Amino acid sequence: MNFGESRVVSATKIFRDGKTLVHALDNVSLSFSASDFVCLVGPSGCGKSTLLNVLAGFETLDSGEVNAFGTQISGPSIERTMVFQEYALFPWMTVRQNIGYGLLHQKEISSSEREIIVDYYLKLIELEAFGAKYPHQLSGGMRQRVAIARALAVKPKLLLMDEPFAALDSFTREKMQDELLRILKQEKTAVVFVTHSIEEALKLADLIVVMSPRPGRVVREIRLTTPKPRDLSESLLVEHAKEIRQLLHEQPGPVNGR
Amino acid sequence: MKLGDLFLKSIQVLNSYSPLIIAVAIWELYVFANPDISIFLPGPSEIIMTFGALLLDGTLGSDVYASMRRVLSAIAFASLIGYPLGLVMGMNNFVRWFFEPLIGFLRPIPPLAWIPLSIVWFGISETQNIFIIFLGALFPILLNTYEGAKSVNQIYIRAAQNLGATKFSMFYRIILPSSLPSMFVGLRVGGGVAWMALVAGELVAASSGLGNLISQGRLLFKSDQIIVGMVTIGLIGIFLDTGVQVLQKLLLRWKDTR
């Protein structure tokens, strides 16, 4: 087994919706390395969020296997942290307390070390002046930066992001994408990033996984080697965009291209 | 604040209370014009005189003390049982299964309906009085806390699990603070019901307290004393509720109050 790699093998997950069975994941296989930025792209119902939740350990598979860097996934773990679409910052904690929350559960980290780590991440997300603020006092983009810092502070091997920028306005969204690339330059971690947006995937991913709905399947994997930050008007990327758009439009059912 | 602003502000306050002031003035004039009525409805000036007299001879002070002691010890007991039980019910299915039907059966019985049985059990005593008030405060505190702990947003639970939360951390740093707003609602509602139950209990069975002051006033046909008792009850009610609100503001700074 390759410990530098994460694998999803023949993953199948079935939900019951009234009397009908919905194949959220149908025999999905996937592998990526410890430094890969993976984007799962596809319309609603293609199982991309389900796959993310399986990787996080929030949901279990009906059949198939999933491991992260050689370890079988059996439940939530601090090694695989999630950035939720709705931020999920704890509103009763200050920015500092939110970022430091996961560190509280790592016994080998003393409280003074914790403060140093929190300071580091506050600086990394450029919110040094906001440590004592509560989440409701921040803008959407700032909140999402805190959520990213909170997930990264525990040094996960895998960062899971569930449409993290979907709730932001398009300007903030683009800024956050650049910000994320900048932050990830300093943090060596694999990322699995769910998105509706083809542009977002092309901008961020090393590996784009295009999925189709009902049943949820992988229809194409595209590896991008263009260095980041990227110019989306570059001909290779334009080609990829066209290809993905075609793949998504071939499928029956509505496609939400945002 | 400038002196001019202060002046404007006090005009505003005065203005918002002017209907009350006008009503009191009409009341005073009406009683002055019809002296016969004063035995049933004494004028404000007479009530203020009686208030002063009862305050000076210590009657009012000792009655307020007796009532406050009862109501505060009852709320303390109700909190001691209601808060932990409510939280545990919200978190544990077995405890919920066990207590929910019991509470569902007991709750609709008004605390005052317990007065006769409680007299059989405890005699006309301090314990009996506190028991009635306790019942009044218990259910609002218990049920609001339960509701709060039960409806902690699932995303916070997930985020905490994801960040390695221990059982203690999950309770102390997630479920408890998230339930705190409902716990305060419970305290405010419970406090209000307790205050009502206190007066009712004292009217029926007590030899001290504000309810007893009113009861004595009725026996002696002293309407002024009755009204002094009533007004004092109202004032203390406002005072207690304001106290809880101040505490609430302090502990729930993180709440978005916009």
# chains A, B, ... in the order shown; residues from 1 in each chain; ligands from 1

call {"tool": "residues_around", "arguments": {"residues": "Arg217 in chain A", "least_positions_apart": "3", "cutoff": "10 Å", "atoms": "only C-alpha atoms", "output": "JSON, numbers by chain"}}
result
{"A": [11, 12, 23, 24, 25, 26, 27, 28, 29, 42, 46, 47, 48, 209, 210, 211, 212, 213, 214, 220]}

call {"tool": "closest_atom_pairs", "arguments": {"of": "chain A", "to": "chain B", "cutoff": "9 Å", "atoms": "only C-alpha atoms", "output": "tab-separated table"}}
result
residue	atom	partner	partner_atom	distance
A:Ala56	CA	B:Asn162	CA	7.6
A:Gly57	CA	B:Asn162	CA	8.5
A:Phe58	CA	B:Arg158	CA	7.7
A:Gly75	CA	B:Asn162	CA	8.9
A:Pro76	CA	B:Asn162	CA	5.2
A:Ser77	CA	B:Asn162	CA	5.6
A:Ile78	CA	B:Leu163	CA	5.1
A:Glu79	CA	B:Leu163	CA	8.6
A:Arg80	CA	B:Asn162	CA	7.4
A:Thr81	CA	B:Asn162	CA	5.9
A:Met82	CA	B:Asn162	CA	7.0
A:Val83	CA	B:Ala159	CA	8.5
A:Phe84	CA	B:Ala159	CA	8.2
A:Glu86	CA	B:Ile155	CA	8.7
A:Ala88	CA	B:Tyr156	CA	6.0
A:Leu89	CA	B:Tyr156	CA	7.6
A:Phe90	CA	B:Tyr156	CA	6.7
A:Pro91	CA	B:Trp254	CA	6.3
A:Trp92	CA	B:Trp254	CA	5.1
A:Met93	CA	B:Trp254	CA	7.3
A:Thr94	CA	B:Trp254	CA	8.0
A:Tyr101	CA	B:Leu163	CA	7.3
A:Gly102	CA	B:Leu163	CA	4.6
A:Leu103	CA	B:Leu163	CA	8.1
A:Leu104	CA	B:Ala165	CA	8.3
A:His105	CA	B:Gly164	CA	6.0
A:Gln106	CA	B:Gly164	CA	8.1
A:Lys133	CA	B:Trp254	CA	8.8
A:Tyr134	CA	B:Trp254	CA	5.9
A:Pro135	CA	B:Trp254	CA	8.0
A:His136	CA	B:Asp256	CA	5.9
A:Gln137	CA	B:Asp256	CA	8.0
A:Arg150	CA	B:Leu163	CA	8.7
A:Ala151	CA	B:Leu163	CA	7.6
A:Val154	CA	B:Leu163	CA	7.8

call {"tool": "atom_distance", "arguments": {"atom1": "CA of Asp162 in chain A", "atom2": "CA of Leu204 in chain A"}}
result
14.1 Å

call {"tool": "residues_around", "arguments": {"residues": "Gly4 in chain A", "least_positions_apart": "3", "cutoff": "8 Å", "atoms": "only C-alpha atoms", "output": "list in words"}}
result
Ser33, Ala34, Phe69 and Gly70 of chain A

call {"tool": "closest_residue", "arguments": {"among": "B:Val228, B:Leu14, B:Val244, B:Ile109", "to": "Phe51 in chain B", "atoms": "only C-alpha atoms"}}
result
B:Val228

call {"tool": "atom_distance", "arguments": {"atom1": "CA of Ser31 in chain A", "atom2": "CA of Ser233 in chain A"}}
result
28.5 Å

call {"tool": "residues_around", "arguments": {"residues": "Phe32 in chain B", "least_positions_apart": "2", "cutoff": "12 Å", "atoms": "only C-alpha atoms", "output": "PyMOL selection string"}}
result
chain B and resi 25-30+34-38+41-46

call {"tool": "residues_around", "arguments": {"residues": "range 119-136 of chain B", "least_positions_apart": "6", "cutoff": "10 Å", "atoms": "only C-alpha atoms", "output": "ChimeraX atom specification"}}
result
/B:66-67,69-79,106-107,109-113,189-202,204-208

call {"tool": "residues_around", "arguments": {"residues": "Gly186 in chain B", "least_positions_apart": "3", "cutoff": "10 Å", "atoms": "only C-alpha atoms", "output": "PyMOL selection string"}}
result
chain B and resi 79+82-83+137-148+180-183+189-192

call {"tool": "write_last_selection", "arguments": {"atoms": "C-alpha atoms", "output": "short mmCIF file (atom, residue, chain, number, x, y, z; two decimals), in the first residue's frame"}}
result
data_model
loop_
_atom_site.label_atom_id
_atom_site.label_comp_id
_atom_site.auth_asym_id
_atom_site.auth_seq_id
_atom_site.Cartn_x
_atom_site.Cartn_y
_atom_site.Cartn_z
CA SER B 79 -32.18 25.31 38.49
CA GLY B 82 -33.94 21.63 35.73
CA TYR B 83 -30.66 22.60 34.10
CA ALA B 137 -40.11 27.54 38.11
CA LEU B 138 -39.04 23.98 37.32
CA PHE B 139 -40.89 23.23 34.11
CA PRO B 140 -40.01 26.37 32.16
CA ILE B 141 -36.35 25.97 33.14
CA LEU B 142 -36.30 22.24 32.42
CA LEU B 143 -38.18 22.34 29.13
CA ASN B 144 -36.37 25.32 27.65
CA THR B 145 -33.00 23.81 28.55
CA TYR B 146 -34.05 20.50 27.03
CA GLU B 147 -35.21 22.24 23.89
CA GLY B 148 -31.94 24.16 23.67
CA LEU B 180 -27.36 29.07 26.99
CA PRO B 181 -29.83 31.39 25.22
CA SER B 182 -32.68 28.90 25.79
CA MET B 183 -31.53 28.40 29.37
CA VAL B 189 -40.17 32.52 32.16
CA GLY B 190 -39.59 30.33 35.21
CA GLY B 191 -38.79 33.36 37.34
CA GLY B 192 -42.04 34.99 36.26
#

call {"tool": "select_by_dssp", "arguments": {"residues": "range 83-213 of chain A", "states": "strand (DSSP E)", "output": "VMD selection string"}}
result
chain A and resid 83 158 to 162 190 to 195 207 to 212

call {"tool": "atom_distance", "arguments": {"atom1": "CA of Thr226 in chain A", "atom2": "CA of Asn67 in chain A"}}
result
28.0 Å

call {"tool": "residues_around", "arguments": {"residues": "range 181-194 of chain A", "least_positions_apart": "3", "cutoff": "7 Å", "atoms": "only C-alpha atoms", "output": "list of chain:residue names"}}
result
A:Ala34, A:Ser35, A:Asp36, A:Phe37, A:Val38, A:Cys39, A:Leu40, A:Val41, A:Lys48, A:Ser49, A:Leu124, A:Pro156, A:Lys157, A:Leu158, A:Leu159, A:Leu160, A:Met161, A:Asp162, A:Glu163, A:Gln177, A:Asp178

call {"tool": "write_last_selection", "arguments": {"atoms": "C-alpha atoms", "output": "PDB file, in the first residue's frame"}}
result
ATOM      1  CA  ALA A  34      -0.506  13.855  -0.347  1.00  0.00           C
ATOM      2  CA  SER A  35      -0.020  17.186  -2.074  1.00  0.00           C
ATOM      3  CA  ASP A  36      -2.887  17.050  -4.563  1.00  0.00           C
ATOM      4  CA  PHE A  37      -5.582  19.664  -4.792  1.00  0.00           C
ATOM      5  CA  VAL A  38      -8.595  17.655  -5.977  1.00  0.00           C
ATOM      6  CA  CYS A  39     -11.751  19.371  -7.203  1.00  0.00           C
ATOM      7  CA  LEU A  40     -14.976  17.401  -7.397  1.00  0.00           C
ATOM      8  CA  VAL A  41     -17.156  19.022 -10.051  1.00  0.00           C
ATOM      9  CA  LYS A  48     -19.774  14.959  -4.615  1.00  0.00           C
ATOM     10  CA  SER A  49     -20.873  16.113  -1.179  1.00  0.00           C
ATOM     11  CA  LEU A 124      -1.550  33.832   7.769  1.00  0.00           C
ATOM     12  CA  PRO A 156      -4.471  17.831   8.928  1.00  0.00           C
ATOM     13  CA  LYS A 157      -3.207  15.565   6.179  1.00  0.00           C
ATOM     14  CA  LEU A 158      -6.354  16.233   4.219  1.00  0.00           C
ATOM     15  CA  LEU A 159      -8.388  19.425   4.033  1.00  0.00           C
ATOM     16  CA  LEU A 160     -11.989  18.923   2.935  1.00  0.00           C
ATOM     17  CA  MET A 161     -13.891  21.878   1.543  1.00  0.00           C
ATOM     18  CA  ASP A 162     -17.603  21.723   0.788  1.00  0.00           C
ATOM     19  CA  GLU A 163     -18.397  24.546  -1.641  1.00  0.00           C
ATOM     20  CA  GLN A 177      -9.603  31.628  -4.267  1.00  0.00           C
ATOM     21  CA  ASP A 178      -6.312  33.541  -4.571  1.00  0.00           C
TER      22      ASP A 178
END

call {"tool": "select_by_dssp", "arguments": {"residues": "range 102-255 of chain A", "states": "alpha helix (DSSP H)", "output": "ChimeraX atom specification"}}
result
/A:111-124,140-152,170-186,198-204,235-250

call {"tool": "closest_residue", "arguments": {"among": "B:Val95, B:Met230, B:Leu213, B:Leu203", "to": "Ile115 in chain B", "atoms": "only C-alpha atoms"}}
result
B:Leu203

call {"tool": "closest_residue", "arguments": {"among": "A:Met142, A:Ala147, A:Leu122, A:Ile208", "to": "Arg173 in chain A", "atoms": "only C-alpha atoms"}}
result
A:Met142
